[in-house]
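Structure below is start38.pdb: PDB, C-alpha atoms.
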```pdb
ATOM      1  CA  MET Z   1      58.434 152.340 118.210
ATOM      2  CA  GLU Z   2      59.468 155.031 115.818
ATOM      3  CA  GLN Z   3      61.975 152.675 114.234
ATOM      4  CA  MET Z   4      59.254 150.128 113.684
ATOM      5  CA  VAL Z   5      57.094 152.729 111.935
ATOM      6  CA  THR Z   6      60.080 153.694 109.806
ATOM      7  CA  VAL Z   7      60.713 150.050 108.919
ATOM      8  CA  LEU Z   8      57.035 149.518 108.105
ATOM      9  CA  ASN Z   9      56.993 152.665 105.968
ATOM     10  CA  ARG Z  10      60.114 151.501 104.188
ATOM     11  CA  LEU Z  11      58.615 148.040 103.612
ATOM     12  CA  SER Z  12      55.472 149.692 102.301
ATOM     13  CA  GLU Z  13      57.571 151.793  99.896
ATOM     14  CA  ILE Z  14      59.463 148.712  98.745
ATOM     15  CA  GLU Z  15      56.208 146.829  98.187
ATOM     16  CA  ALA Z  16      54.773 149.757  96.215
ATOM     17  CA  ALA Z  17      57.930 149.917  94.110
ATOM     18  CA  ALA Z  18      57.749 146.157  93.528
ATOM     19  CA  VAL Z  19      54.108 146.432  92.440
ATOM     20  CA  ASN Z  20      55.040 149.304  90.128
ATOM     21  CA  VAL Z  21      57.924 147.294  88.616
ATOM     22  CA  GLU Z  22      55.600 144.311  88.188
ATOM     23  CA  LYS Z  23      53.015 146.515  86.431
ATOM     24  CA  GLN Z  24      55.661 148.042  84.166
ATOM     25  CA  SER Z  25      56.958 144.565  83.373
ATOM     26  CA  ALA Z  26      53.453 143.366  82.430
ATOM     27  CA  ASP Z  27      52.919 146.478  80.279
ATOM     28  CA  GLU Z  28      56.265 145.926  78.529
ATOM     29  CA  LYS Z  29      55.416 142.253  77.996
ATOM     30  CA  ARG Z  30      52.084 143.229  76.359
ATOM     31  CA  ARG Z  31      53.828 145.839  74.198
ATOM     32  CA  ILE Z  32      56.449 143.324  73.027
ATOM     33  CA  ALA Z  33      53.770 140.704  72.342
ATOM     34  CA  LYS Z  34      51.779 143.219  70.297
ATOM     35  CA  GLU Z  35      54.905 144.271  68.385
ATOM     36  CA  TYR Z  36      55.781 140.615  67.722
ATOM     37  CA  GLU Z  37      52.236 139.927  66.512
ATOM     38  CA  GLN Z  38      52.413 142.906  64.125
ATOM     39  CA  LYS Z  39      55.799 141.797  62.801
ATOM     40  CA  THR Z  40      54.394 138.306  62.260
ATOM     41  CA  LEU Z  41      51.407 139.727  60.350
ATOM     42  CA  ASP Z  42      53.695 141.929  58.243
ATOM     43  CA  PHE Z  43      55.952 138.973  57.465
ATOM     44  CA  ASP Z  44      52.985 136.781  56.510
ATOM     45  CA  GLN Z  45      51.617 139.477  54.209
ATOM     46  CA  GLU Z  46      55.016 139.985  52.579
ATOM     47  CA  MET Z  47      55.480 136.242  52.049
ATOM     48  CA  GLU Z  48      51.965 135.937  50.624
ATOM     49  CA  ALA Z  49      52.650 138.793  48.193
ATOM     50  CA  ARG Z  50      55.980 137.252  47.138
ATOM     51  CA  THR Z  51      54.389 133.834  46.690
ATOM     52  CA  GLU Z  52      51.547 135.298  44.661
ATOM     53  CA  GLU Z  53      54.019 137.161  42.435
ATOM     54  CA  LYS Z  54      56.110 134.023  41.883
ATOM     55  CA  LEU Z  55      53.001 131.985  41.072
ATOM     56  CA  LYS Z  56      51.918 134.665  38.616
ATOM     57  CA  ASP Z  57      55.341 134.550  36.937
ATOM     58  CA  ILE Z  58      55.278 130.746  36.778
ATOM     59  CA  ASN Z  59      51.744 130.734  35.319
ATOM     60  CA  GLU Z  60      52.724 133.297  32.688
ATOM     61  CA  LYS Z  61      55.801 131.257  31.786
ATOM     62  CA  LEU Z  62      53.790 128.032  31.540
ATOM     63  CA  LYS Z  63      51.151 129.753  29.432
ATOM     64  CA  ALA Z  64      53.799 131.110  27.062
ATOM     65  CA  GLU Z  65      55.405 127.656  26.812
ATOM     66  CA  ALA Z  66      52.027 126.041  26.110
ATOM     67  CA  GLU Z  67      51.241 128.610  23.431
ATOM     68  CA  GLU Z  68      54.660 128.064  21.865
ATOM     69  CA  GLU Z  69      54.167 124.289  21.895
ATOM     70  CA  LEU Z  70      50.705 124.666  20.354
ATOM     71  CA  LEU Z  71      52.105 126.908  17.616
ATOM     72  CA  LYS Z  72      54.843 124.336  16.949
ATOM     73  CA  MET Z  73      52.250 121.558  16.702
ATOM     74  CA  ARG Z  74      50.152 123.646  14.313
ATOM     75  CA  ARG Z  75      53.182 124.234  12.087
ATOM     76  CA  GLU Z  76      54.034 120.531  12.115
ATOM     77  CA  THR Z  77      50.424 119.614  11.298
ATOM     78  CA  GLU Z  78      50.305 122.133   8.463
ATOM     79  CA  LEU Z  79      53.570 120.766   7.047
ATOM     80  CA  ALA Z  80      52.280 117.191   7.308
ATOM     81  CA  LEU Z  81      49.031 118.171   5.580
ATOM     82  CA  GLU Z  82      50.918 120.020   2.858
ATOM     83  CA  SER Z  83      53.162 116.991   2.367
ATOM     84  CA  MET Z  84      50.153 114.682   2.150
ATOM     85  CA  LYS Z  85      48.412 117.016  -0.298
ATOM     86  CA  LYS Z  86      51.560 117.224  -2.420
ATOM     87  CA  GLU Z  87      51.869 113.420  -2.367
ATOM     88  CA  TYR Z  88      48.222 113.100  -3.339
ATOM     89  CA  ASP Z  89      48.476 115.706  -6.099
ATOM     90  CA  GLN Z  90      51.549 114.012  -7.567
ATOM     91  CA  ASN Z  91      50.427 110.400  -7.184
ATOM     92  CA  HIS Z  92      46.645 110.396  -6.963
ATOM     93  CA  GLU Z  93      46.255 108.255 -10.094
ATOM     94  CA  LYS Z  94      48.726 105.692  -8.788
ATOM     95  CA  LEU Z  95      47.078 105.717  -5.335
ATOM     96  CA  VAL Z  96      43.618 105.240  -6.831
ATOM     97  CA  ASP Z  97      44.873 102.305  -8.916
ATOM     98  CA  GLU Z  98      46.556 100.704  -5.883
ATOM     99  CA  LEU Z  99      43.435 101.157  -3.793
ATOM    100  CA  PHE Z 100      41.241  99.754  -6.554
ATOM    101  CA  HIS Z 101      43.437  96.675  -6.954
ATOM    102  CA  TYR Z 102      43.558  96.211  -3.168
ATOM    103  CA  ILE Z 103      39.748  96.324  -2.952
ATOM    104  CA  ILE Z 104      39.147  93.881  -5.764
ATOM    105  CA  GLY Z 105      41.892  91.612  -4.497
ATOM    106  CA  GLU Z 106      44.389  91.706  -7.382
TER
END
```

Representation of the structure as structure tokens:
Amino acid sequence: MEQMVTVLNRLSEIEAAAVNVEKQSADEKRRIAKEYEQKTLDFDQEMEARTEEKLKDINEKLKAEAEEELLKMRRETELALESMKKEYDQNHEKLVDELFHYIIGE
């Protein structure tokens, strides 16, 4: 009978150890899941910050290019206007005569 009690005690100890191992395993699983979740959040935040910085750089570059293109167009327009004014100043009499003859049909 004493052997049976010893066996039962030993089985009880083994079961308690198994329950303890199972509890530790569940705790470790929760800890790892929490750590993984935090790493995922950190990664997402880092990627969002990088993306935002790249978008900012791209927007600044596009804005600078647009401003440069606008300045170029202004210069070209000013040159065209100056050329037209010069043409008018040099040939306004001739242009008026041509227009007059065109209107009256000669």

Please compute the atom CA of Z:Glu98-atom CA of Z:Met84 distance, one decimal, in Å.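 For atom CA of Z:Glu98 relative to atom CA of Z:Met84, the distance reads 16.5 Å.
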
What is the atom CA of Z:Leu95 to atom CA of Z:Ser83 distance in Å?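 About the pair atom CA of Z:Leu95 and atom CA of Z:Ser83: they are 14.9 Å apart.
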
To one decimal place in Å, what is the distance between atom CA of Z:Met47 and atom CA of Z:Lys29?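 Separation between atom CA of Z:Met47 and atom CA of Z:Lys29: 26.6 Å.
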